[in-house]
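Quick notes on the structure that follows.
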Amino acid sequence: MLKAVSVRYNEWLDMVMKHLVSKKNRALLRELVVTDFKLRYQGSVLGYAWSLLKPLFLFLIMYIVFVRFLRLGDSIPHFPIYLLLGIVMWSFFTETTNQSLTSIVDRGDIIRKIRIPRWIIVLTSSTSALINFLLNMVAVVVFLVINGVDVSPYVIWFPIIVAQLYLFALGMSFFLSAFYVKYRDINHIWEIVIQGLFYLTPILYPLTLITNETLQKVILINPAAQAIQDARNVLVTKDTLTIAEVFGSPMGRLIPLGITIVVFIIGVLYFKKEAKYFAENI
Amino acid sequence: MADQADKPSAIKVKNVTKIFRLPQERHRGLKQLFLHLFRKGGYEEQYALKGVSLEIKQGDFFGIVGRNGSGKSTLLKLLAGIYTPTQGRINVVGKLTPFIELGVGFNPELTGRENVFLNGALLGFSHKEMEGMYEDIVDFAELERFMDQKLKNYSSGMQVRLAFSIAIRAQSDILLLDEVLAVGDAAFQQKCYDYFHELKKKKLTVILVSHDRGVLERFCGRGVLIDKGRVVSSGPIRKVLKEYSKVVLDELDQEPRKEKETTKSEVLTSFAEINKTRTLDKKGETQKKFTFAEPVTAEFTVVMKQTIVNPIIGLTVWQKNVDKPLFATNTLIAGTRTTTYKAGESVVLRTRLPAGMNDGEYYVEPAIANESGTVFYDRRPKAATFFVNGSSNPYSILATEEKITISVEK
């Protein structure tokens, strides 16, 4: 006998949301991520090595320009690693959002022909970026060891900092990917926003270079900037200006954390609302 | 069928309406968003389905028929949960296959093996489960030697075979199939038929969308005809298919007449061009003069000028000085499948004309129309002329060589 289950289709998404980690969905996520990796490096001689080489070359360029020529960060110990960690974390944020943004539209063929939880597709893109990030972190750790950096015990905070950054990127990704289905302009807008944020985030320059305190506060409200500074603080050097110091209280962290949570909730709700119509709107 | 009413239902569709909101300009951008903020509208509403209700019982082999654009695929996507109904409800009892097409997510850049695992994951299988089934899948598809090759090197038939043998592993109570037999050779189709028989024996619920009357009649017990977004007929499949024939013929009847009044030009649009229309004798050589009862074959070539999707290609034969066409056929009536053709591609259509044409002068008029038969891409009256001679009885349009028997009733 068949088990009688009545499913109202409007509610199927609610249903699967509860089964976020069901065996079936995990298997699908895994297969999609593996496929993503296979396809990305197909036909290239160095293959996976590129995910490591790309940020290293970017680091090399920036190191030459900003550390050797412009002599930024002379006051900060281990500035090259400080710079590298910033680049790696920033790349993680941009890669997650950029890949997710087009993910729903790119997988249109699947969405139009099969009923799978739509959010798995966004999760796939962000998981690929997360794996890339972890690979890059291997390079960072190698540099930390070579340079003999004295890592503080606060390093246990690092996974939590990354988790918060991931949550922020994922929330943005849910919103952007759903928005892109209807309004293709967001692709170009996001490119500009990312470009602007890159300079508004202390990646290339130490935050101490900016002397206006209000501006420092504004910069650190951005969860990505706050995460980068905190990560540098626990991993590379105590000489990093973090949000706790700028606001004069560790409670300052609640602002970017709040933004992260709000962005995530709005992103998920908007995605959930739009997901029902992806198949017809793509 | 007396027991039909007693069977428990598998799917209940209640008063379902689906409206697609199409942006009026085909341009999607922020401009539209801002326009939309200040004034209502900016969208065109298109009813894909209007108040559709139907019930499918457990164990039914249910057919959905309808012309292209009638809304039958929309209905299937609603059943599959890919679309959400604008109004109405759909109740499903049991587990439903999530896909409506074979080989969803197949990637040409991956090997056959990788595609099996990817497709399996999309159907809800874990990697381990797929490993257990892998041998069987490959065996059934008869593709052992090709599994480590990239899918882009597979023929379309091979791809379908692979997709089909994964799809049939999906464990569900209700199967949804949209034009599964569209591709594949005769041997593969036989495999599909065997599989259908097996499903029937297992009393699984199957919903099949197809144009193919033969398949529908052979397997489906009941069905529904969708036209212009409404249920036109439902019940036993024979009755439904009869209605379907009417709908198709009505349309074909109306269209050419309208066309004749409005235009006399030969090339109607720049979509396709017909040329090399000729008649052939039984040896396959070009021939214009035939003796009575000799088989006549008509042939012509269509050169596509643009990408054309599922056109209807056919011909009409006229006798000199007769207003009514003597004979007409096309790919839709004959059940010959057409696909998508790219610009520059050309197809050759060949068909035997009916026997019994009497002495006289005849004209072949080839034509190609869009998939719903509403627009002619090209039509060439009198593209070829042929003559029939030598009938012993040249007084009627048709002649026969049939013997006549007489028997006296006792």
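Lettering and numbering for the structure tokens are positional, with chains as A, B, ... in the shown order, residues counted from 1 in each chain, and ligands counted from 1 in the shown order.
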Task: Residues near Gly71 (chain B), cut-off 12 Å, only C-alpha atoms, skip fewer than 2 positions along chain, as a ChimeraX atom specification - done: /B:16-20,46-52,64-69,73-78,209,224-232
For the residues in the current selection, export C-alpha atoms as a PDB file, in the first residue's frame.
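Result file part-v3.pdb:
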```
ATOM      1  CA  VAL B  16      -6.107  24.681 -11.634  1.00  0.00           C
ATOM      2  CA  THR B  17      -5.284  27.846 -13.496  1.00  0.00           C
ATOM      3  CA  LYS B  18      -1.804  28.826 -14.531  1.00  0.00           C
ATOM      4  CA  ILE B  19      -1.071  32.323 -15.674  1.00  0.00           C
ATOM      5  CA  PHE B  20       2.304  33.273 -17.068  1.00  0.00           C
ATOM      6  CA  GLN B  46      -1.112  34.644 -20.638  1.00  0.00           C
ATOM      7  CA  TYR B  47      -3.418  31.852 -19.551  1.00  0.00           C
ATOM      8  CA  ALA B  48      -1.614  28.580 -20.037  1.00  0.00           C
ATOM      9  CA  LEU B  49      -4.309  26.596 -18.239  1.00  0.00           C
ATOM     10  CA  LYS B  50      -7.828  27.660 -17.334  1.00  0.00           C
ATOM     11  CA  GLY B  51      -9.756  25.856 -14.624  1.00  0.00           C
ATOM     12  CA  VAL B  52      -8.393  22.396 -15.292  1.00  0.00           C
ATOM     13  CA  ILE B  64      -2.286  13.648 -21.961  1.00  0.00           C
ATOM     14  CA  VAL B  65      -2.789  14.749 -25.565  1.00  0.00           C
ATOM     15  CA  GLY B  66      -3.015  18.118 -27.198  1.00  0.00           C
ATOM     16  CA  ARG B  67      -1.490  20.205 -29.917  1.00  0.00           C
ATOM     17  CA  ASN B  68       1.694  22.154 -29.406  1.00  0.00           C
ATOM     18  CA  GLY B  69       1.064  25.108 -27.150  1.00  0.00           C
ATOM     19  CA  SER B  73       3.432  20.333 -20.902  1.00  0.00           C
ATOM     20  CA  THR B  74       2.489  23.092 -18.470  1.00  0.00           C
ATOM     21  CA  LEU B  75       0.091  20.642 -16.846  1.00  0.00           C
ATOM     22  CA  LEU B  76       2.825  18.050 -16.555  1.00  0.00           C
ATOM     23  CA  LYS B  77       5.222  20.565 -15.026  1.00  0.00           C
ATOM     24  CA  LEU B  78       2.558  21.543 -12.507  1.00  0.00           C
ATOM     25  CA  VAL B 209       2.383  13.118 -22.661  1.00  0.00           C
ATOM     26  CA  VAL B 224      -7.395  13.765 -21.348  1.00  0.00           C
ATOM     27  CA  LEU B 225      -7.332  16.166 -24.282  1.00  0.00           C
ATOM     28  CA  ILE B 226      -6.117  19.665 -23.537  1.00  0.00           C
ATOM     29  CA  ASP B 227      -6.777  22.418 -26.026  1.00  0.00           C
ATOM     30  CA  LYS B 228      -6.218  26.127 -25.532  1.00  0.00           C
ATOM     31  CA  GLY B 229      -5.600  25.543 -21.840  1.00  0.00           C
ATOM     32  CA  ARG B 230      -8.840  23.711 -21.141  1.00  0.00           C
ATOM     33  CA  VAL B 231      -9.857  20.113 -20.755  1.00  0.00           C
ATOM     34  CA  VAL B 232     -11.789  19.400 -23.937  1.00  0.00           C
TER      35      VAL B 232
END
```
- [ ] Kindly determine which residues of chain B lie within 7 Å of chain A, considering only C-alpha atoms, and give the answer as a list in words.
- [x]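 Every residue of chain B that passes the 7 Å test is in Arg28, Gly29, Leu30, Ala80, Gly81, Ile82, Tyr83, Thr84, Ile90, Asn91, Val92, Val93, Gly94, Pro98, Phe99, Ile100, Glu101, Val104, Gly105, Leu118, Ala121, Leu122, Gly124, Phe125, Ser126 and His127 of chain B.
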Selection from above, N, CA and C atoms, as a short mmCIF file (atom, residue, chain, number, x, y, z; two decimals), in the first residue's frame, can you write it?
```
data_model
loop_
_atom_site.label_atom_id
_atom_site.label_comp_id
_atom_site.auth_asym_id
_atom_site.auth_seq_id
_atom_site.Cartn_x
_atom_site.Cartn_y
_atom_site.Cartn_z
N ARG B 28 14.63 42.43 -20.16
CA ARG B 28 14.49 42.36 -18.72
C ARG B 28 15.57 43.17 -18.07
N GLY B 29 15.22 44.17 -17.37
CA GLY B 29 16.25 44.94 -16.73
C GLY B 29 15.67 45.81 -15.64
N LEU B 30 16.52 46.61 -15.07
CA LEU B 30 16.09 47.45 -13.97
C LEU B 30 15.10 48.50 -14.41
N ALA B 80 4.49 17.81 -11.71
CA ALA B 80 5.82 17.47 -11.22
C ALA B 80 6.28 18.41 -10.12
N GLY B 81 5.56 19.53 -9.94
CA GLY B 81 5.98 20.49 -8.92
C GLY B 81 7.05 21.43 -9.39
N ILE B 82 7.27 21.49 -10.69
CA ILE B 82 8.25 22.42 -11.23
C ILE B 82 7.64 23.81 -11.33
N TYR B 83 6.38 23.87 -11.69
CA TYR B 83 5.62 25.12 -11.65
C TYR B 83 4.69 25.10 -10.44
N THR B 84 4.31 26.30 -10.02
CA THR B 84 3.32 26.44 -8.95
C THR B 84 2.04 26.96 -9.59
N ILE B 90 -3.47 20.91 -6.35
CA ILE B 90 -3.10 19.60 -6.87
C ILE B 90 -2.77 18.71 -5.68
N ASN B 91 -3.46 17.60 -5.56
CA ASN B 91 -3.17 16.66 -4.49
C ASN B 91 -2.54 15.41 -5.06
N VAL B 92 -1.45 15.00 -4.47
CA VAL B 92 -0.75 13.81 -4.93
C VAL B 92 -0.67 12.80 -3.80
N VAL B 93 -1.01 11.56 -4.09
CA VAL B 93 -0.88 10.50 -3.10
C VAL B 93 0.25 9.59 -3.57
N GLY B 94 1.29 9.50 -2.79
CA GLY B 94 2.42 8.65 -3.17
C GLY B 94 3.59 9.48 -3.65
N PRO B 98 10.50 13.17 -9.96
CA PRO B 98 10.66 14.62 -10.01
C PRO B 98 10.95 15.14 -11.41
N PHE B 99 11.22 14.26 -12.37
CA PHE B 99 11.67 14.75 -13.67
C PHE B 99 10.60 14.51 -14.73
N ILE B 100 10.64 15.30 -15.78
CA ILE B 100 9.69 15.11 -16.87
C ILE B 100 10.42 14.79 -18.16
N GLU B 101 11.74 14.81 -18.09
CA GLU B 101 12.49 14.52 -19.30
C GLU B 101 13.65 13.61 -18.93
N VAL B 104 18.18 14.75 -17.54
CA VAL B 104 18.27 16.12 -17.05
C VAL B 104 19.64 16.32 -16.41
N GLY B 105 20.29 17.41 -16.76
CA GLY B 105 21.58 17.72 -16.16
C GLY B 105 22.74 17.01 -16.83
N LEU B 118 25.93 11.85 -11.65
CA LEU B 118 25.31 13.17 -11.50
C LEU B 118 23.80 13.06 -11.67
N ALA B 121 22.16 11.39 -8.75
CA ALA B 121 22.04 12.28 -7.59
C ALA B 121 20.84 13.20 -7.75
N LEU B 122 20.63 13.67 -8.98
CA LEU B 122 19.48 14.53 -9.23
C LEU B 122 18.16 13.78 -9.01
N GLY B 124 17.83 11.61 -6.80
CA GLY B 124 17.70 11.35 -5.37
C GLY B 124 18.45 10.13 -4.85
N PHE B 125 19.42 9.64 -5.61
CA PHE B 125 20.19 8.49 -5.14
C PHE B 125 21.52 8.94 -4.54
N SER B 126 21.96 8.21 -3.52
CA SER B 126 23.28 8.52 -2.96
C SER B 126 24.34 7.86 -3.85
N HIS B 127 25.58 8.28 -3.62
CA HIS B 127 26.69 7.76 -4.41
C HIS B 127 26.78 6.24 -4.25
#
```
Open item on the list: Just want the 9 Å neighbourhood of Arg352 (chain B), counted on only C-alpha atoms, with same-chain residues fewer than 4 positions away dropped. Output as a ChimeraX atom specification.
Closed with: /B:295-299
Task: From A:Ala163, A:Ala227, A:Met172, A:Ala178, residue lying nearest Val263 (chain A) [only C-alpha atoms] - done: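 Selected residue with least distance to Val263 (chain A): A:Met172.
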- [ ] Can you work out the spacing between CA of Gly314 (chain B) and CA of Thr400 (chain B) in Å, to one decimal?
- [x]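 So the two atoms, CA of Gly314 (chain B) and CA of Thr400 (chain B), lie 25.8 Å apart.
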